[in-house]
>>> print(open('target_16.txt').read())   # compact mmCIF, C-alpha atoms and all ligand atoms
# COMPACT_ATOMS: atom_id res chain seq x y z
CA MET A 286 25.62 -23.35 -45.29
CA LYS A 287 26.28 -20.18 -47.31
CA LYS A 288 23.78 -19.66 -50.13
CA TYR A 289 24.69 -18.68 -53.68
CA PHE A 290 22.70 -17.42 -56.63
CA ILE A 291 22.23 -19.42 -59.79
CA ALA A 292 23.39 -17.42 -62.81
CA LYS A 293 20.65 -18.08 -65.33
CA SER A 294 21.49 -18.74 -68.95
CA ARG A 295 20.04 -20.43 -72.01
CA ARG A 296 21.96 -23.58 -71.12
CA LEU A 297 20.13 -23.81 -67.77
CA ARG A 298 16.77 -23.87 -69.42
CA SER A 299 13.77 -22.08 -67.91
CA THR A 300 10.34 -23.72 -68.00
CA PRO A 301 7.01 -22.32 -69.23
CA TYR A 302 6.03 -21.98 -65.57
CA SER A 303 9.19 -20.11 -64.38
CA SER A 304 7.47 -16.71 -64.59
CA ARG A 305 4.47 -18.05 -62.60
CA ILE A 306 6.49 -19.63 -59.78
CA GLU A 307 8.75 -16.60 -59.48
CA LYS A 308 5.65 -14.50 -58.80
CA GLN A 309 4.56 -17.16 -56.29
CA GLY A 310 7.77 -16.85 -54.31
CA VAL A 311 10.17 -19.61 -55.35
CA THR A 312 13.27 -19.19 -53.14
CA ALA A 313 15.67 -21.77 -54.58
CA TYR A 314 16.38 -23.60 -57.79
CA THR A 315 18.38 -26.71 -58.47
CA ILE A 316 19.43 -27.84 -61.93
CA TYR A 317 18.02 -31.10 -63.31
CA ASN A 318 18.42 -32.27 -66.90
CA HIS A 319 19.99 -28.89 -67.73
CA MET A 320 16.77 -27.19 -66.62
CA LEU A 321 15.62 -25.12 -63.64
CA LEU A 322 13.83 -27.23 -61.03
CA PRO A 323 12.29 -25.28 -58.15
CA ALA A 324 13.78 -26.44 -54.85
CA GLY A 325 12.08 -24.22 -52.25
CA PHE A 326 9.11 -21.98 -51.60
CA SER A 327 8.33 -21.45 -47.92
CA SER A 328 10.46 -23.31 -45.37
CA LEU A 329 11.14 -26.98 -46.12
CA GLU A 330 9.14 -28.02 -43.03
CA ASP A 331 6.15 -25.76 -43.69
CA SER A 332 6.00 -27.11 -47.23
CA TYR A 333 6.28 -30.71 -45.92
CA PHE A 334 3.32 -30.29 -43.54
CA HIS A 335 1.32 -28.51 -46.21
CA LEU A 336 1.97 -31.29 -48.74
CA LYS A 337 0.87 -33.98 -46.29
CA GLU A 338 -2.46 -32.29 -45.62
CA ASN A 339 -3.43 -30.30 -48.69
CA VAL A 340 -2.57 -30.08 -52.37
CA GLN A 341 0.39 -28.57 -54.18
CA VAL A 342 1.16 -27.80 -57.81
CA TRP A 343 4.77 -28.49 -58.83
CA ASP A 344 6.70 -27.29 -61.86
CA VAL A 345 8.58 -30.50 -62.66
CA ALA A 346 9.18 -29.68 -66.33
CA ALA A 347 12.80 -30.74 -65.66
CA GLU A 348 11.60 -34.35 -65.65
CA ARG A 349 12.28 -34.40 -69.40
CA GLN A 350 10.93 -36.92 -71.87
CA VAL A 351 13.02 -38.94 -74.28
CA GLU A 352 10.62 -40.01 -77.03
CA ILE A 353 11.49 -43.22 -78.85
CA SER A 354 9.29 -44.29 -81.74
CA GLY A 355 9.55 -46.55 -84.74
CA LYS A 356 9.74 -50.20 -85.71
CA ASP A 357 12.57 -51.10 -83.31
CA SER A 358 11.51 -48.85 -80.42
CA ALA A 359 10.27 -51.66 -78.14
CA GLU A 360 13.53 -53.55 -78.68
CA LEU A 361 15.62 -50.47 -77.88
CA VAL A 362 13.61 -49.56 -74.76
CA GLN A 363 13.90 -53.15 -73.50
CA LEU A 364 17.64 -53.18 -74.27
CA MET A 365 18.07 -50.28 -71.84
CA THR A 366 16.13 -51.66 -68.87
CA CYS A 367 16.34 -54.77 -66.70
CA ARG A 368 12.57 -54.61 -66.06
CA ASP A 369 10.56 -56.98 -68.26
CA LEU A 370 8.45 -54.83 -70.58
CA SER A 371 7.36 -57.68 -72.84
CA LYS A 372 3.86 -57.69 -71.34
CA SER A 373 3.66 -53.92 -70.86
CA LYS A 374 0.42 -52.20 -71.83
CA VAL A 375 -0.39 -48.99 -73.65
CA GLY A 376 -1.74 -46.53 -71.10
CA ARG A 377 0.53 -47.63 -68.27
CA CYS A 378 3.65 -46.17 -66.62
CA TYR A 379 6.57 -48.36 -65.54
CA TYR A 380 9.32 -47.43 -63.07
CA CYS A 381 12.43 -48.88 -64.74
CA PRO A 382 16.11 -48.95 -63.84
CA ILE A 383 18.18 -48.14 -66.95
CA ILE A 384 21.57 -49.83 -66.77
CA ASP A 385 24.72 -50.17 -68.86
CA ASP A 386 26.67 -53.30 -69.86
CA LYS A 387 28.33 -53.38 -66.41
CA ALA A 388 24.88 -53.18 -64.77
CA GLY A 389 25.69 -49.69 -63.49
CA LEU A 390 22.66 -47.43 -63.18
CA ILE A 391 22.29 -44.84 -65.95
CA ASN A 392 18.92 -43.52 -64.76
CA ASP A 393 15.70 -44.60 -63.01
CA PRO A 394 12.90 -43.15 -65.15
CA VAL A 395 9.19 -43.68 -65.40
CA ILE A 396 8.55 -45.20 -68.84
CA LEU A 397 5.19 -44.52 -70.51
CA LYS A 398 3.98 -46.83 -73.22
CA LEU A 399 2.12 -44.43 -75.53
CA ASP A 400 1.61 -46.99 -78.29
CA GLU A 401 3.08 -50.34 -79.33
CA ASP A 402 5.87 -48.46 -81.09
CA ARG A 403 5.98 -45.15 -79.21
CA TRP A 404 7.42 -44.52 -75.74
CA TRP A 405 8.25 -41.66 -73.42
CA ILE A 406 11.10 -42.14 -71.00
CA SER A 407 10.50 -39.62 -68.20
CA ILE A 408 14.04 -39.25 -66.99
CA ALA A 409 15.89 -38.44 -63.80
CA ASP A 410 19.02 -36.30 -64.02
CA SER A 411 21.30 -37.86 -66.67
CA ASP A 412 21.56 -37.67 -70.45
CA VAL A 413 19.61 -40.78 -71.41
CA ILE A 414 19.00 -39.37 -74.91
CA LEU A 415 22.71 -39.68 -75.75
CA PHE A 416 22.84 -43.25 -74.43
CA ALA A 417 19.74 -44.18 -76.45
CA LYS A 418 21.07 -42.56 -79.63
CA GLY A 419 24.43 -44.30 -79.24
CA LEU A 420 22.76 -47.68 -78.87
CA ALA A 421 20.41 -47.05 -81.80
CA ILE A 422 23.31 -46.03 -84.05
CA GLY A 423 25.44 -49.00 -82.99
CA LYS A 424 22.56 -51.45 -83.46
CA ASN A 425 21.27 -49.90 -86.66
CA PHE A 426 17.80 -49.65 -85.13
CA LYS A 427 14.91 -48.11 -87.06
CA VAL A 428 13.89 -45.54 -84.46
CA LYS A 429 13.37 -41.83 -84.00
CA ILE A 430 14.77 -40.39 -80.77
CA PHE A 431 14.19 -36.81 -79.62
CA GLU A 432 13.20 -34.64 -76.67
CA PRO A 433 9.60 -33.49 -77.20
CA ASN A 434 8.27 -30.23 -75.78
CA VAL A 435 6.61 -31.73 -72.73
CA ASP A 436 6.55 -29.81 -69.45
CA ILE A 437 5.12 -31.79 -66.55
CA LEU A 438 2.97 -30.21 -63.87
CA ALA A 439 2.56 -32.41 -60.81
CA VAL A 440 -0.51 -32.06 -58.58
CA GLN A 441 0.39 -33.75 -55.30
CA GLY A 442 -1.17 -34.20 -51.87
CA PRO A 443 -4.29 -35.82 -50.37
CA LYS A 444 -6.57 -33.09 -51.75
CA SER A 445 -5.20 -33.50 -55.29
CA PHE A 446 -8.04 -35.91 -56.13
CA GLU A 447 -10.72 -33.38 -55.20
CA LEU A 448 -8.95 -30.61 -57.09
CA MET A 449 -8.49 -32.65 -60.26
CA GLU A 450 -12.08 -33.88 -60.11
CA LYS A 451 -13.28 -30.26 -60.03
CA ILE A 452 -11.46 -29.58 -63.29
CA PHE A 453 -11.63 -32.90 -65.17
CA GLY A 454 -14.66 -34.67 -63.70
CA LYS A 455 -15.19 -37.94 -61.83
CA LYS A 456 -13.40 -40.05 -64.44
CA ILE A 457 -10.00 -38.82 -63.31
CA THR A 458 -10.49 -40.20 -59.80
CA GLU A 459 -11.08 -43.68 -61.23
CA MET A 460 -7.62 -43.91 -62.78
CA LYS A 461 -5.36 -46.52 -61.16
CA PHE A 462 -1.86 -45.85 -59.75
CA PHE A 463 0.65 -45.58 -62.63
CA GLY A 464 -2.11 -45.57 -65.25
CA PHE A 465 -2.55 -42.66 -67.66
CA ASP A 466 -5.28 -41.32 -69.92
CA TYR A 467 -6.11 -38.23 -71.96
CA PHE A 468 -8.22 -35.34 -70.67
CA GLU A 469 -9.31 -32.20 -72.43
CA PHE A 470 -8.69 -28.70 -71.13
CA ALA A 471 -8.95 -25.38 -73.03
CA GLY A 472 -9.42 -27.21 -76.30
CA ALA A 473 -6.24 -29.26 -75.96
CA LYS A 474 -5.69 -32.90 -75.03
CA HIS A 475 -3.53 -33.54 -71.97
CA LEU A 476 -1.93 -36.82 -70.98
CA ILE A 477 -2.47 -37.22 -67.24
CA ALA A 478 -0.95 -40.00 -65.16
CA ARG A 479 -1.68 -41.05 -61.60
CA SER A 480 1.90 -40.72 -60.39
CA GLY A 481 4.34 -38.27 -58.86
CA TRP A 482 7.45 -37.96 -56.79
CA SER A 483 5.67 -38.02 -53.41
CA LYS A 484 3.74 -40.67 -51.55
CA GLN A 485 0.88 -38.29 -50.72
CA GLY A 486 -1.12 -39.20 -53.83
CA GLY A 487 -1.65 -37.23 -56.99
CA TYR A 488 -1.24 -36.75 -60.69
CA GLU A 489 1.24 -35.66 -63.31
CA ILE A 490 0.03 -33.63 -66.29
CA TYR A 491 2.26 -33.98 -69.34
CA VAL A 492 1.70 -30.55 -70.90
CA GLU A 493 2.46 -30.44 -74.63
CA ASN A 494 0.66 -27.22 -75.48
CA THR A 495 2.24 -24.37 -73.52
CA LYS A 496 -0.76 -22.05 -73.96
CA SER A 497 -3.33 -24.48 -72.59
CA GLY A 498 -0.78 -25.61 -69.98
CA LEU A 499 -0.48 -22.10 -68.61
CA ALA A 500 -4.27 -21.72 -68.60
CA LEU A 501 -4.46 -25.02 -66.71
CA TYR A 502 -1.79 -23.83 -64.27
CA ASP A 503 -3.92 -20.79 -63.44
CA LYS A 504 -7.11 -22.88 -63.28
CA LEU A 505 -5.51 -25.23 -60.71
CA PHE A 506 -4.86 -22.25 -58.43
CA GLU A 507 -8.28 -20.70 -59.00
CA ALA A 508 -10.20 -23.96 -58.42
CA GLY A 509 -7.85 -24.95 -55.61
CA LYS A 510 -8.29 -21.78 -53.54
CA GLU A 511 -10.85 -23.38 -51.22
CA LEU A 512 -8.58 -26.46 -50.89
CA ASN A 513 -5.63 -24.32 -49.76
CA VAL A 514 -3.58 -25.13 -52.87
CA LYS A 515 0.01 -23.85 -52.89
CA ALA A 516 2.93 -23.87 -55.26
CA GLY A 517 5.45 -26.49 -54.17
CA CYS A 518 8.24 -28.74 -55.35
CA PRO A 519 9.61 -32.20 -54.57
CA ASN A 520 10.12 -32.13 -50.82
CA LEU A 521 13.37 -33.51 -49.36
CA ILE A 522 11.80 -34.61 -46.06
CA GLU A 523 8.78 -36.29 -47.63
CA ARG A 524 10.77 -38.06 -50.32
CA ILE A 525 13.33 -39.45 -47.86
CA GLU A 526 10.64 -40.63 -45.41
CA SER A 527 8.93 -42.32 -48.39
CA ALA A 528 12.26 -43.62 -49.79
CA LEU A 529 11.72 -42.25 -53.29
CA LEU A 530 15.24 -42.59 -54.65
CA SER A 531 17.08 -39.68 -56.27
CA TYR A 532 19.51 -40.59 -59.06
CA GLY A 533 22.84 -38.79 -58.58
CA ASN A 534 22.19 -38.48 -54.84
CA ASP A 535 21.28 -41.92 -53.52
CA MET A 536 22.71 -43.93 -56.40
CA ASP A 537 24.73 -43.43 -59.55
CA ASN A 538 26.60 -45.27 -62.31
CA ASP A 539 28.84 -47.04 -59.75
CA ASP A 540 25.83 -48.84 -58.24
CA ASN A 541 23.69 -51.62 -59.68
CA PRO A 542 19.92 -52.00 -59.12
CA LEU A 543 20.32 -54.94 -56.72
CA GLU A 544 22.52 -52.82 -54.46
CA CYS A 545 19.83 -50.14 -54.50
CA GLY A 546 16.95 -52.37 -53.40
CA LEU A 547 15.37 -52.23 -56.85
CA ASP A 548 15.11 -56.05 -57.03
CA LYS A 549 11.38 -55.74 -57.83
CA TYR A 550 12.30 -54.17 -61.16
CA VAL A 551 14.99 -56.70 -62.13
CA ASN A 552 13.71 -59.62 -64.24
CA LEU A 553 16.62 -61.99 -64.86
CA GLU A 554 14.47 -65.00 -65.69
CA ALA A 555 12.41 -63.34 -68.43
CA ASN A 556 13.10 -64.16 -72.06
CA ILE A 557 14.23 -60.63 -72.90
CA ASN A 558 17.44 -58.99 -74.01
CA PHE A 559 18.93 -56.10 -72.06
CA LEU A 560 22.39 -54.66 -71.46
CA GLY A 561 24.08 -55.92 -68.29
CA LYS A 562 21.90 -59.03 -68.02
CA GLU A 563 24.83 -61.44 -67.72
CA LYS A 564 26.60 -59.11 -65.31
CA LEU A 565 23.50 -58.85 -63.12
CA LYS A 566 23.11 -62.65 -63.11
CA GLU A 567 26.70 -62.90 -61.92
CA VAL A 568 26.11 -60.27 -59.20
CA LYS A 569 22.98 -62.09 -58.06
CA LYS A 570 24.85 -65.42 -57.87
CA LYS A 571 27.81 -64.02 -55.96
CA GLY A 572 25.68 -61.71 -53.82
CA ILE A 573 25.97 -57.97 -53.49
CA THR A 574 28.70 -56.39 -51.33
CA LYS A 575 26.98 -53.08 -50.54
CA LYS A 576 23.37 -52.08 -50.02
CA LEU A 577 21.26 -48.95 -49.82
CA MET A 578 19.56 -48.68 -46.42
CA GLY A 579 17.82 -46.15 -44.23
CA VAL A 580 19.64 -44.57 -41.31
CA MET A 581 18.54 -42.60 -38.28
CA ILE A 582 20.96 -40.20 -36.64
CA GLU A 583 20.67 -38.59 -33.19
CA ALA A 584 21.12 -35.11 -34.62
CA LYS A 585 18.76 -32.20 -35.20
CA GLU A 586 20.22 -30.72 -38.38
CA ILE A 587 22.08 -31.68 -41.53
CA ASN A 588 22.86 -29.97 -44.83
CA MET A 589 24.54 -32.18 -47.38
CA SER A 590 26.48 -31.26 -50.49
CA LYS A 591 28.49 -34.49 -50.69
CA SER A 592 28.40 -37.93 -49.11
CA ILE A 593 29.55 -38.34 -45.49
CA GLU A 594 31.46 -41.42 -44.27
CA LEU A 595 30.04 -43.67 -41.54
CA PHE A 596 32.30 -45.46 -39.02
CA ASN A 597 31.68 -48.32 -36.60
CA ASP A 598 32.88 -48.46 -32.99
CA LYS A 599 36.28 -49.74 -34.17
CA ASN A 600 36.65 -46.67 -36.40
CA LEU A 601 36.29 -48.79 -39.51
CA LYS A 602 34.50 -47.16 -42.43
CA ILE A 603 31.28 -49.11 -42.97
CA GLY A 604 29.49 -46.94 -45.50
CA GLU A 605 28.47 -43.46 -46.55
CA LEU A 606 25.44 -41.25 -46.07
CA ARG A 607 24.19 -40.02 -49.45
CA SER A 608 21.04 -38.02 -48.60
CA GLY A 609 19.85 -36.72 -45.26
CA THR A 610 17.40 -34.36 -43.65
CA TYR A 611 15.91 -33.51 -40.30
CA SER A 612 12.56 -35.29 -40.02
CA PRO A 613 9.93 -33.57 -37.85
CA HIS A 614 8.10 -36.92 -37.66
CA PHE A 615 11.03 -38.82 -36.09
CA GLU A 616 12.50 -35.70 -34.42
CA LYS A 617 15.95 -36.63 -35.65
CA VAL A 618 17.99 -36.78 -38.83
CA ILE A 619 17.06 -39.56 -41.25
CA GLY A 620 18.85 -40.49 -44.42
CA ILE A 621 19.69 -42.92 -47.18
CA ALA A 622 23.11 -44.57 -46.96
CA MET A 623 25.16 -47.11 -48.88
CA LEU A 624 26.43 -49.68 -46.34
CA GLU A 625 29.24 -52.18 -46.91
CA LYS A 626 28.73 -55.87 -46.29
CA PRO A 627 28.26 -57.10 -43.50
CA TYR A 628 27.33 -53.80 -41.85
CA TRP A 629 23.92 -53.25 -43.50
CA GLU A 630 21.91 -55.21 -40.92
CA VAL A 631 19.09 -53.31 -39.21
CA SER A 632 20.22 -51.88 -35.84
CA GLN A 633 23.90 -51.76 -36.87
CA THR A 634 25.22 -48.66 -35.10
CA PHE A 635 27.69 -46.11 -36.44
CA LYS A 636 29.27 -42.73 -35.81
CA ILE A 637 29.04 -39.78 -38.16
CA SER A 638 30.65 -36.36 -38.10
CA ILE A 639 28.34 -33.46 -38.96
CA ASN A 640 29.76 -29.93 -38.81
CA ASP A 641 32.73 -31.16 -36.70
CA SER A 642 30.51 -32.83 -34.07
CA THR A 643 30.15 -36.60 -33.75
CA PHE A 644 26.69 -38.21 -33.65
CA GLU A 645 25.42 -41.76 -33.10
CA GLY A 646 23.27 -43.43 -35.71
CA LYS A 647 21.69 -46.73 -36.61
CA VAL A 648 20.70 -48.59 -39.76
CA CYS A 649 17.01 -49.20 -40.51
CA ASP A 650 14.76 -50.44 -43.30
CA LEU A 651 13.39 -48.32 -46.12
CA PRO A 652 10.90 -46.75 -46.42
CA PHE A 653 10.76 -44.98 -43.06
CA ILE A 654 6.98 -44.47 -43.25
N1 LIG B 1 7.62 -38.69 -62.44
C1 LIG B 1 7.95 -38.61 -63.75
N2 LIG B 1 9.22 -38.59 -64.15
C2 LIG B 1 10.21 -38.67 -63.23
C3 LIG B 1 9.93 -38.78 -61.85
C4 LIG B 1 8.58 -38.78 -61.46
N3 LIG B 1 11.50 -38.64 -63.63
C5 LIG B 1 12.53 -38.45 -62.67
C6 LIG B 1 12.30 -39.18 -61.38
N4 LIG B 1 10.94 -38.90 -60.92
C7 LIG B 1 12.50 -40.66 -61.60
N5 LIG B 1 12.54 -41.40 -60.35
C8 LIG B 1 11.42 -41.98 -59.79
C9 LIG B 1 11.57 -42.62 -58.57
C10 LIG B 1 10.47 -43.22 -57.98
C11 LIG B 1 9.23 -43.18 -58.60
C12 LIG B 1 9.09 -42.52 -59.78
C13 LIG B 1 10.19 -41.93 -60.39
C14 LIG B 1 8.02 -43.81 -58.00
N6 LIG B 1 8.17 -44.92 -57.30
C15 LIG B 1 7.10 -45.57 -56.60
C16 LIG B 1 7.67 -46.24 -55.35
O1 LIG B 1 8.88 -46.38 -55.26
O2 LIG B 1 6.90 -46.54 -54.48
C17 LIG B 1 6.29 -46.54 -57.41
C18 LIG B 1 7.04 -47.49 -58.28
C19 LIG B 1 6.16 -48.61 -58.79
O3 LIG B 1 5.49 -49.25 -57.98
O4 LIG B 1 6.18 -48.90 -60.01
O5 LIG B 1 6.92 -43.33 -58.15
O6 LIG B 1 8.22 -38.86 -60.27
N7 LIG B 1 7.00 -38.51 -64.64
>>> encode(input="target_16.txt", output="structure tokens", more="lines below")
Ligand code: THG
Amino acid sequence: MKKYFIAKSRRLRSTPYSSRIEKQGVTAYTIYNHMLLPAGFSSLEDSYFHLKENVQVWDVAAERQVEISGKDSAELVQLMTCRDLSKSKVGRCYYCPIIDDKAGLINDPVILKLDEDRWWISIADSDVILFAKGLAIGKNFKVKIFEPNVDILAVQGPKSFELMEKIFGKKITEMKFFGFDYFEFAGAKHLIARSGWSKQGGYEIYVENTKSGLALYDKLFEAGKELNVKAGCPNLIERIESALLSYGNDMDNDDNPLECGLDKYVNLEANINFLGKEKLKEVKKKGITKKLMGVMIEAKEINMSKSIELFNDKNLKIGELRSGTYSPHFEKVIGIAMLEKPYWEVSQTFKISINDSTFEGKVCDLPFI
């Protein structure tokens, strides 16, 4: 695939860490929430192996926050998600599908409950702030909605615990998955959560003070030297093996959460009010007609810039591949595909054309590992 440069501009916002990562050899950017998101350092595979064994620091400032506060904030946040937040606790993160009135996915953020009437919605790549403002205006809600200056640094990998302990002390290793707390560094308070877009373990630091954030960035590399710390970014191979979904790639507004295997985060029986609830009940009753599944393909390479159709042995289209990568672990291409009913059963075979060659593939469960 031919490579092109990104023409930088104010509209494609830089992050406080852009100057740091450019010195550290970032080789590719993607755009996420109108912001630069590093997409490559060394080779994808080298970075994958490094992430699985060591610790990496990621500039994921593009995971923007939508702050919602005020008297009606809990009602508005619940109106946007099908996950029951009525028993949610301050100091916890919640992975929540955000859906519209037709139950189509708008986003799949992590929601942080900062206080009973203050929330951060840590968004994937779509303009949730406009959706939230529209709802608040229409409903006459007493809320304040804005994008705060928060630039997340993720510390990911099995050695992330040791690295963070060196800087913040033992207490940080006692935090539970998807919990958050406040830790001091360089005279400033930092919200740190035990989360991140990899399954290798780690933390996310919600940096609000750019000066202390940059000092912390440098400290992570200084203290992490003996742990072989490297600059990194969300890794395509690792995230597909772990089945961490990517909004806009694996699913979008034409898909509902039940079709995307997000059933765990759909609470239709709870006494709560959210958009699309009736529609989702109807979908559940009738049953879904397409489903997101894993696939394995007997190929050694794939580069995707759009979805690729999948055909059965009768040349009938049975679905489409939405994300894919070569996996060194499985020694073949693996991917995430939307399969039509009744072709989503495990072991269903298909044919796929990649770069004008035809390959065999089969459907499997997610996650791969
Ligand atoms: N961290 C933060 N913000 C984010 C992301 C993140 N915003 C954008 C994007 N990532 C949102 N998408 C996801 C997808 C999956 C997860 C988090 C954010 C995730 N899922 C776990 C899983 O699927 O196993 C755990 C979910 C759970 O058990 O609650 O972590 O990464 N700040």
>>> closest_residue(input="target_16.txt", among="A:Val492, A:Ala516, A:Glu469, A:Leu529", to="Gly310 (chain A)", atoms="all atoms listed in the file")
A:Ala516
>>> closest_residue(input="target_16.txt", among="A:Ser445, A:Asn392, A:Ser638, A:Ser407", to="ligand LIG 1 (chain B)", atoms="all atoms listed in the file")
A:Ser407
>>> axis_aligned_box(input="target_16.txt", around="region 549-568 of chain A", padding_each_side="8 Å", output="lines of an AutoDock Vina configuration file")
center_x = 19.0
center_y = -59.6
center_z = -65.9
size_x = 31.3
size_y = 26.8
size_z = 32.2
>>> closest_atom_pairs(input="target_16.txt", of="region 389-493 of chain A", to="region 334-354 of chain A", cutoff="10 Å", atoms="all atoms listed in the file", output="tab-separated table")
residue	atom	partner	partner_atom	distance
A:Pro394	CA	A:Glu348	CA	8.9
A:Val395	CA	A:Gln350	CA	9.5
A:Ile396	CA	A:Gln350	CA	9.1
A:Leu397	CA	A:Glu352	CA	9.6
A:Leu399	CA	A:Ser354	CA	9.5
A:Asp400	CA	A:Ser354	CA	8.8
A:Glu401	CA	A:Ser354	CA	9.0
A:Asp402	CA	A:Ser354	CA	5.4
A:Arg403	CA	A:Ser354	CA	4.3
A:Trp404	CA	A:Ile353	CA	5.3
A:Trp405	CA	A:Glu352	CA	4.6
A:Ile406	CA	A:Val351	CA	5.0
A:Ser407	CA	A:Gln350	CA	4.6
A:Ile408	CA	A:Glu348	CA	5.6
A:Ala409	CA	A:Glu348	CA	6.2
A:Asp410	CA	A:Glu348	CA	7.8
A:Asp412	CA	A:Val351	CA	9.4
A:Val413	CA	A:Val351	CA	7.4
A:Ile414	CA	A:Val351	CA	6.0
A:Leu415	CA	A:Val351	CA	9.8
A:Ala417	CA	A:Ile353	CA	8.6
A:Lys418	CA	A:Ile353	CA	9.6
A:Lys427	CA	A:Ser354	CA	8.6
A:Val428	CA	A:Ser354	CA	5.5
A:Lys429	CA	A:Ser354	CA	5.3
A:Ile430	CA	A:Ile353	CA	4.7
A:Phe431	CA	A:Glu352	CA	5.4
A:Glu432	CA	A:Val351	CA	4.9
A:Pro433	CA	A:Gln350	CA	6.5
A:Asn434	CA	A:Gln350	CA	8.2
A:Val435	CA	A:Gln350	CA	6.8
A:Asp436	CA	A:Ala346	CA	4.1
A:Ile437	CA	A:Ala346	CA	4.6
A:Leu438	CA	A:Asp344	CA	5.1
A:Ala439	CA	A:Trp343	CA	4.9
A:Val440	CA	A:Val342	CA	4.6
A:Gln441	CA	A:Gln341	CA	5.3
A:Gly442	CA	A:Val340	CA	4.4
A:Pro443	CA	A:Asn339	CA	5.8
A:Lys444	CA	A:Val340	CA	5.0
A:Ser445	CA	A:Val340	CA	5.2
A:Phe446	CA	A:Val340	CA	8.8
A:Glu447	CA	A:Val340	CA	9.2
A:Leu448	CA	A:Val340	CA	8.0
A:Gly481	CA	A:Val345	CA	9.6
A:Trp482	CA	A:Val345	CA	9.6
A:Ser483	CA	A:Leu336	CA	9.0
A:Lys484	CA	A:Lys337	CA	9.0
A:Gln485	CA	A:Lys337	CA	6.2
A:Gly486	CA	A:Val340	CA	9.3
A:Gly487	CA	A:Val340	CA	8.6
A:Tyr488	CA	A:Val342	CA	9.7
A:Glu489	CA	A:Val345	CA	9.0
A:Ile490	CA	A:Val345	CA	9.8
A:Tyr491	CA	A:Ala346	CA	8.7
A:Val492	CA	A:Ala346	CA	8.8
>>> residues_around(input="target_16.txt", residues="Ile619 (chain A)", least_positions_apart="6", cutoff="6 Å", atoms="only C-alpha atoms", output="list of chain:residue names")
A:Val580, A:Met581, A:Gly609, A:Thr610
>>> write_last_selection(input="target_16.txt", atoms="C-alpha atoms", output="PDB file, in the coordinates of the input")
ATOM      1  CA  VAL A 580      19.640 -44.570 -41.310  1.00  0.00           C
ATOM      2  CA  MET A 581      18.540 -42.600 -38.280  1.00  0.00           C
ATOM      3  CA  GLY A 609      19.850 -36.720 -45.260  1.00  0.00           C
ATOM      4  CA  THR A 610      17.400 -34.360 -43.650  1.00  0.00           C
TER       5      THR A 610
END
>>> closest_residue(input="target_16.txt", among="A:Lys549, A:Lys617, A:Lys636, A:Lys570", to="Pro382 (chain A)", atoms="only C-alpha atoms")
A:Lys549
>>> closest_residue(input="target_16.txt", among="A:Ser332, A:Asn520, A:Ser358, A:Ser294", to="ligand LIG 1 (chain B)", atoms="only C-alpha atoms and all ligand atoms")
A:Asn520
>>> atom_distance(input="target_16.txt", atom1="CA of Leu499 (chain A)", atom2="atom C10 of ligand LIG 1 (chain B)")
26.1 Å
>>> residues_near_point(input="target_16.txt", point="(17.2, -39.3, -47.8)", cutoff="10 Å", atoms="only C-alpha atoms", output="JSON, numbers by chain")
{"A": [521, 522, 523, 524, 525, 526, 527, 528, 529, 530, 531, 534, 535, 578, 579, 580, 606, 607, 608, 609, 610, 611, 612, 618, 619, 620, 621, 622, 651, 652, 653]}
>>> closest_residue(input="target_16.txt", among="A:Leu297, A:Ile391, A:Ile477, A:Ile316", to="Gly376 (chain A)", atoms="only C-alpha atoms")
A:Ile477
>>> residues_around(input="target_16.txt", residues="region 554-561 of chain A", least_positions_apart="6", cutoff="9 Å", atoms="all atoms listed in the file", output="PyMOL selection string")
chain A and resi 360-371+383-389
>>> atom_distance(input="target_16.txt", atom1="CA of Tyr502 (chain A)", atom2="CA of Gln309 (chain A)")
12.2 Å
